[in-house]
2 protein chains.
Amino acid sequence: MAYKTASRQTIQRLPLYLSYLRSLPSDGPTNVSATAIAEALDLNDVLVRKDLASVSAGGRPRIGYITQDLIFSIEQFLGYRDTKSAVLVGAGNIGQVLLHYKGFAKHGMNIVAAFDTDESVVGESINGKQVFSVDKLSNLCERMKVRIGIISVPAPSAQEICSILVKSGVMAIWNFAPVQLKVPDNVMIYNEDWFSSLDQLLKHLNDRLHDNI
Amino acid sequence: MAYKTASRQTIQRLPLYLSYLRSLPSDGPTNVSATAIAEALDLNDVLVRKDLASVSAGGRPRIGYITQDLIFSIEQFLGYRDTKSAVLVGAGNIGQVLLHYKGFAKHGMNIVAAFDTDESVVGESINGKQVFSVDKLSNLCERMKVRIGIISVPAPSAQEICSILVKSGVMAIWNFAPVQLKVPDNVMIYNEDWFSSLDQLLKHLNDRLHDNI
DNA sequence: TAGATTGTTAATCGATTAACAATC
DNA sequence: TAGATTGTTAATCGATTAACAATC
């Protein structure tokens, strides 16, 4: 199969299409048109067609795409269809939220273990996931060939944990600590930066309030 | 003062500049060049200058910008310098994390009260913020002219809470529930969509793993 | 057939980068 | 002065949208 690529923007929209397609009634029509998707999501229809072209085998004029095939293609493209293991470090507030999330499986990610330094949490089991001492982190990652690390520790410890993860073979890090982590070029960092969207919200609100004086 | 505007991208970068500027040693030089900022943040220097032009009174050739003035200008532009009140609805896991966050004040936002339906939490105080029954939500928002609502309730209740907030005069909503909320055009929604960045991480990891076969 | 829909090619748009003159 | 730096104007780049031919 030719290797398909997609722009960052396209990858951001694909999950939207997926959730729309999944929301369609299962007893409804088996086909769906790019025009319909575009209208439902308030996007340009050509844009939708271009995005879908980077994922699917293509639709048919007058008919559109076969809904189920499209769902499958998007899931496959995004990698939802083969499960990847992840470790979570920091079983505090945010860590607990993540450990309780049920949606990760649908996205093809499985948290196999949690880690913390706090002795009172170590040994416990949260939503079926065992919490280990951070001492064990490196060893487990290497043994299980874990490629995804989730960092939900306080900011001051984040870099240290990050370095351990990288040394243990982790290739992608999902970072919830408000720190700019330093990693080698071959490791990907995704920062979950709440303040970024808050800042935009506040900026726009501010502008609106001033306009209305 | 002429009304300054900035693109969405610029607004996203301004907080980066701010955090870099704040990180500079206070006993160091009082000036900073766009070139230095650009290098530190791995950006193009002309880009930085353009961004700063939309915020500040301008720098001087050979000297650069006065660090403190620049910090002030960015804070002012982003609206950090006048505090806005917010209410938080849903004092569960994520809600607790947000209530404990200390950084909001620096961004000009203050959570004045929390709300929940769970009787066992109502009446309690989390990090100095009182938790009220949701019944009181509408009344408090109107009385205190609150313009920001933070939704951290489970997905099924999100739309209902959202409607109450909108009816009570809230103009901007920061949504942590994984739901597409419906609001009038004049209300701004900012979704904190964890899955979006997770999807990109997983997609890239997938591509990398396949490349290396 | 007529018309809805796809997919492609060209035009537009906005953001970034390059080139360069102005300045201290 | 020489050179670092700013800010502006033009070129480039990538993404979106428009126009349109192909198809069922």
# chains A, B, ... in the order shown; residues from 1 in each chain; ligands from 1

call {"tool": "residues_around", "arguments": {"residues": "region 4-15 of chain A", "least_positions_apart": "6", "cutoff": "9 Å", "atoms": "only C-alpha atoms (C1' of nucleotides)", "output": "PyMOL selection string"}}
result
(chain A and resi 47-48+50-52+54-55+74-75+77-78) or (chain B and resi 195-197+199-200+203) or (chain D and resi 15)

call {"tool": "select_by_dssp", "arguments": {"residues": "region 94-162 of chain B", "states": "strand (DSSP E or B)", "output": "ChimeraX atom specification"}}
result
/B:109-116,125-126,129-133,148-151

call {"tool": "interface_residues", "arguments": {"of": "chain B", "to": "chain D", "cutoff": "8 Å", "atoms": "only C-alpha atoms (C1' of nucleotides)", "output": "VMD selection string"}}
result
chain B and resid 33 49 59 to 64

call {"tool": "interface_residues", "arguments": {"of": "chain A", "to": "chain B", "cutoff": "9 Å", "atoms": "only C-alpha atoms", "output": "MDAnalysis selection string"}}
result
chainID A and resid 8 11:13 15 77:80 84 93:94 96:97 103:104 107:109 147:148 171:174 188:192 194:207

call {"tool": "write_last_selection", "arguments": {"atoms": "N, CA and C atoms", "output": "CSV table (one decimal), in the first residue's frame"}}
result
chain,number,residue,atom,x,y,z
A,8,ARG,N,-0.9,18.4,9.2
A,8,ARG,CA,-1.3,18.6,10.6
A,8,ARG,C,-2.8,18.9,10.8
A,11,ILE,N,-5.1,16.0,10.1
A,11,ILE,CA,-5.1,15.1,11.2
A,11,ILE,C,-5.9,15.6,12.3
A,12,GLN,N,-6.0,16.9,12.5
A,12,GLN,CA,-6.8,17.5,13.5
A,12,GLN,C,-8.3,17.3,13.2
A,13,ARG,N,-8.6,17.4,11.9
A,13,ARG,CA,-10.0,17.3,11.5
A,13,ARG,C,-10.6,15.8,11.5
A,15,PRO,N,-10.5,13.3,13.5
A,15,PRO,CA,-11.3,12.8,14.6
A,15,PRO,C,-12.7,13.4,14.6
A,77,PHE,N,-6.1,4.8,9.7
A,77,PHE,CA,-5.1,5.9,9.4
A,77,PHE,C,-4.6,6.5,10.7
A,78,LEU,N,-5.4,6.8,11.6
A,78,LEU,CA,-5.0,7.4,12.9
A,78,LEU,C,-4.3,6.4,13.8
A,79,GLY,N,-4.4,5.2,13.5
A,79,GLY,CA,-3.7,4.2,14.3
A,79,GLY,C,-4.5,3.7,15.5
A,80,TYR,N,-5.8,3.9,15.4
A,80,TYR,CA,-6.7,3.5,16.5
A,80,TYR,C,-6.8,1.9,16.5
A,84,LYS,N,-1.3,0.5,21.4
A,84,LYS,CA,0.1,0.8,21.9
A,84,LYS,C,0.1,1.0,23.4
A,93,ASN,N,-3.6,14.4,41.1
A,93,ASN,CA,-4.9,14.8,40.6
A,93,ASN,C,-5.1,14.5,39.1
A,94,ILE,N,-4.3,15.1,38.3
A,94,ILE,CA,-4.4,14.9,36.9
A,94,ILE,C,-4.2,13.4,36.5
A,96,GLN,N,-4.8,10.8,38.2
A,96,GLN,CA,-6.0,10.1,38.5
A,96,GLN,C,-7.1,10.2,37.4
A,97,VAL,N,-7.3,11.5,37.0
A,97,VAL,CA,-8.3,11.7,35.9
A,97,VAL,C,-8.0,10.9,34.7
A,103,GLY,N,-11.9,6.4,27.5
A,103,GLY,CA,-11.9,6.5,26.1
A,103,GLY,C,-10.6,6.2,25.4
A,104,PHE,N,-9.5,6.0,26.2
A,104,PHE,CA,-8.2,5.8,25.5
A,104,PHE,C,-8.2,4.6,24.6
A,107,HIS,N,-8.9,4.9,21.1
A,107,HIS,CA,-7.9,5.6,20.3
A,107,HIS,C,-6.7,4.7,20.1
A,108,GLY,N,-6.7,3.5,20.6
A,108,GLY,CA,-5.6,2.6,20.4
A,108,GLY,C,-4.5,2.8,21.4
A,109,MET,N,-4.8,3.4,22.6
A,109,MET,CA,-3.7,3.5,23.6
A,109,MET,C,-4.2,2.8,24.9
A,147,ARG,N,6.5,2.7,24.4
A,147,ARG,CA,6.9,3.8,23.5
A,147,ARG,C,6.3,5.1,23.9
A,148,ILE,N,5.3,5.1,24.8
A,148,ILE,CA,4.5,6.3,25.1
A,148,ILE,C,4.6,6.6,26.6
A,171,MET,N,9.4,6.9,23.0
A,171,MET,CA,9.6,7.7,21.8
A,171,MET,C,8.6,8.9,21.7
A,172,ALA,N,7.5,8.9,22.5
A,172,ALA,CA,6.6,10.0,22.5
A,172,ALA,C,6.1,10.3,23.9
A,173,ILE,N,6.1,11.6,24.2
A,173,ILE,CA,5.8,12.0,25.6
A,173,ILE,C,4.6,13.0,25.5
A,174,TRP,N,3.6,12.6,26.3
A,174,TRP,CA,2.4,13.5,26.5
A,174,TRP,C,2.6,14.2,27.8
A,188,MET,N,9.3,12.7,20.4
A,188,MET,CA,8.2,13.7,20.2
A,188,MET,C,7.6,14.1,21.5
A,189,ILE,N,7.4,15.4,21.7
A,189,ILE,CA,6.7,15.9,22.9
A,189,ILE,C,5.4,16.6,22.5
A,190,TYR,N,4.4,16.2,23.2
A,190,TYR,CA,3.1,16.9,23.0
A,190,TYR,C,2.7,17.5,24.4
A,191,ASN,N,2.7,18.8,24.4
A,191,ASN,CA,2.3,19.5,25.6
A,191,ASN,C,0.9,19.8,25.7
A,192,GLU,N,0.3,19.4,26.9
A,192,GLU,CA,-1.1,19.7,27.1
A,192,GLU,C,-1.1,21.0,27.9
A,194,TRP,N,-2.9,23.9,29.1
A,194,TRP,CA,-4.2,24.6,29.4
A,194,TRP,C,-4.2,26.1,29.3
A,195,PHE,N,-3.1,26.6,29.7
A,195,PHE,CA,-3.0,28.1,29.7
A,195,PHE,C,-3.1,28.7,28.3
A,196,SER,N,-2.7,27.9,27.3
A,196,SER,CA,-2.7,28.4,26.0
A,196,SER,C,-4.1,28.8,25.5
A,197,SER,N,-5.0,27.8,25.7
A,197,SER,CA,-6.4,28.1,25.3
A,197,SER,C,-7.1,29.1,26.2
A,198,LEU,N,-6.7,29.0,27.5
A,198,LEU,CA,-7.2,30.0,28.4
A,198,LEU,C,-6.8,31.4,28.0
A,199,ASP,N,-5.6,31.6,27.6
A,199,ASP,CA,-5.1,32.9,27.2
A,199,ASP,C,-5.9,33.4,26.0
A,200,GLN,N,-6.2,32.6,25.1
A,200,GLN,CA,-7.0,33.0,23.9
A,200,GLN,C,-8.4,33.4,24.4
A,201,LEU,N,-9.0,32.6,25.2
A,201,LEU,CA,-10.3,32.9,25.7
A,201,LEU,C,-10.3,34.3,26.4
A,202,LEU,N,-9.3,34.5,27.3
A,202,LEU,CA,-9.3,35.8,28.0
A,202,LEU,C,-9.0,37.0,27.1
A,203,LYS,N,-8.2,36.7,26.1
A,203,LYS,CA,-7.9,37.8,25.2
A,203,LYS,C,-9.1,38.2,24.4
A,204,HIS,N,-9.8,37.2,23.9
A,204,HIS,CA,-11.0,37.6,23.2
A,204,HIS,C,-12.1,38.2,24.0
A,205,LEU,N,-12.3,37.7,25.2
A,205,LEU,CA,-13.2,38.3,26.2
A,205,LEU,C,-12.9,39.7,26.4
A,206,ASN,N,-11.6,40.0,26.7
A,206,ASN,CA,-11.2,41.3,26.9
A,206,ASN,C,-11.5,42.2,25.8
A,207,ASP,N,-11.2,41.8,24.6
A,207,ASP,CA,-11.5,42.6,23.4
A,207,ASP,C,-13.0,42.9,23.3

call {"tool": "select_by_dssp", "arguments": {"residues": "chain B", "states": "helix (DSSP H, G or I)", "output": "ChimeraX atom specification"}}
result
/B:8-23,34-41,45-53,67-78,93-100,103-107,134-144,155-167,194-211

call {"tool": "atom_distance", "arguments": {"atom1": "CA of Ile66 (chain B)", "atom2": "CA of Pro25 (chain B)"}}
result
13.7 Å

call {"tool": "atom_distance", "arguments": {"atom1": "CA of Pro154 (chain A)", "atom2": "CA of Val87 (chain A)"}}
result
16.4 Å
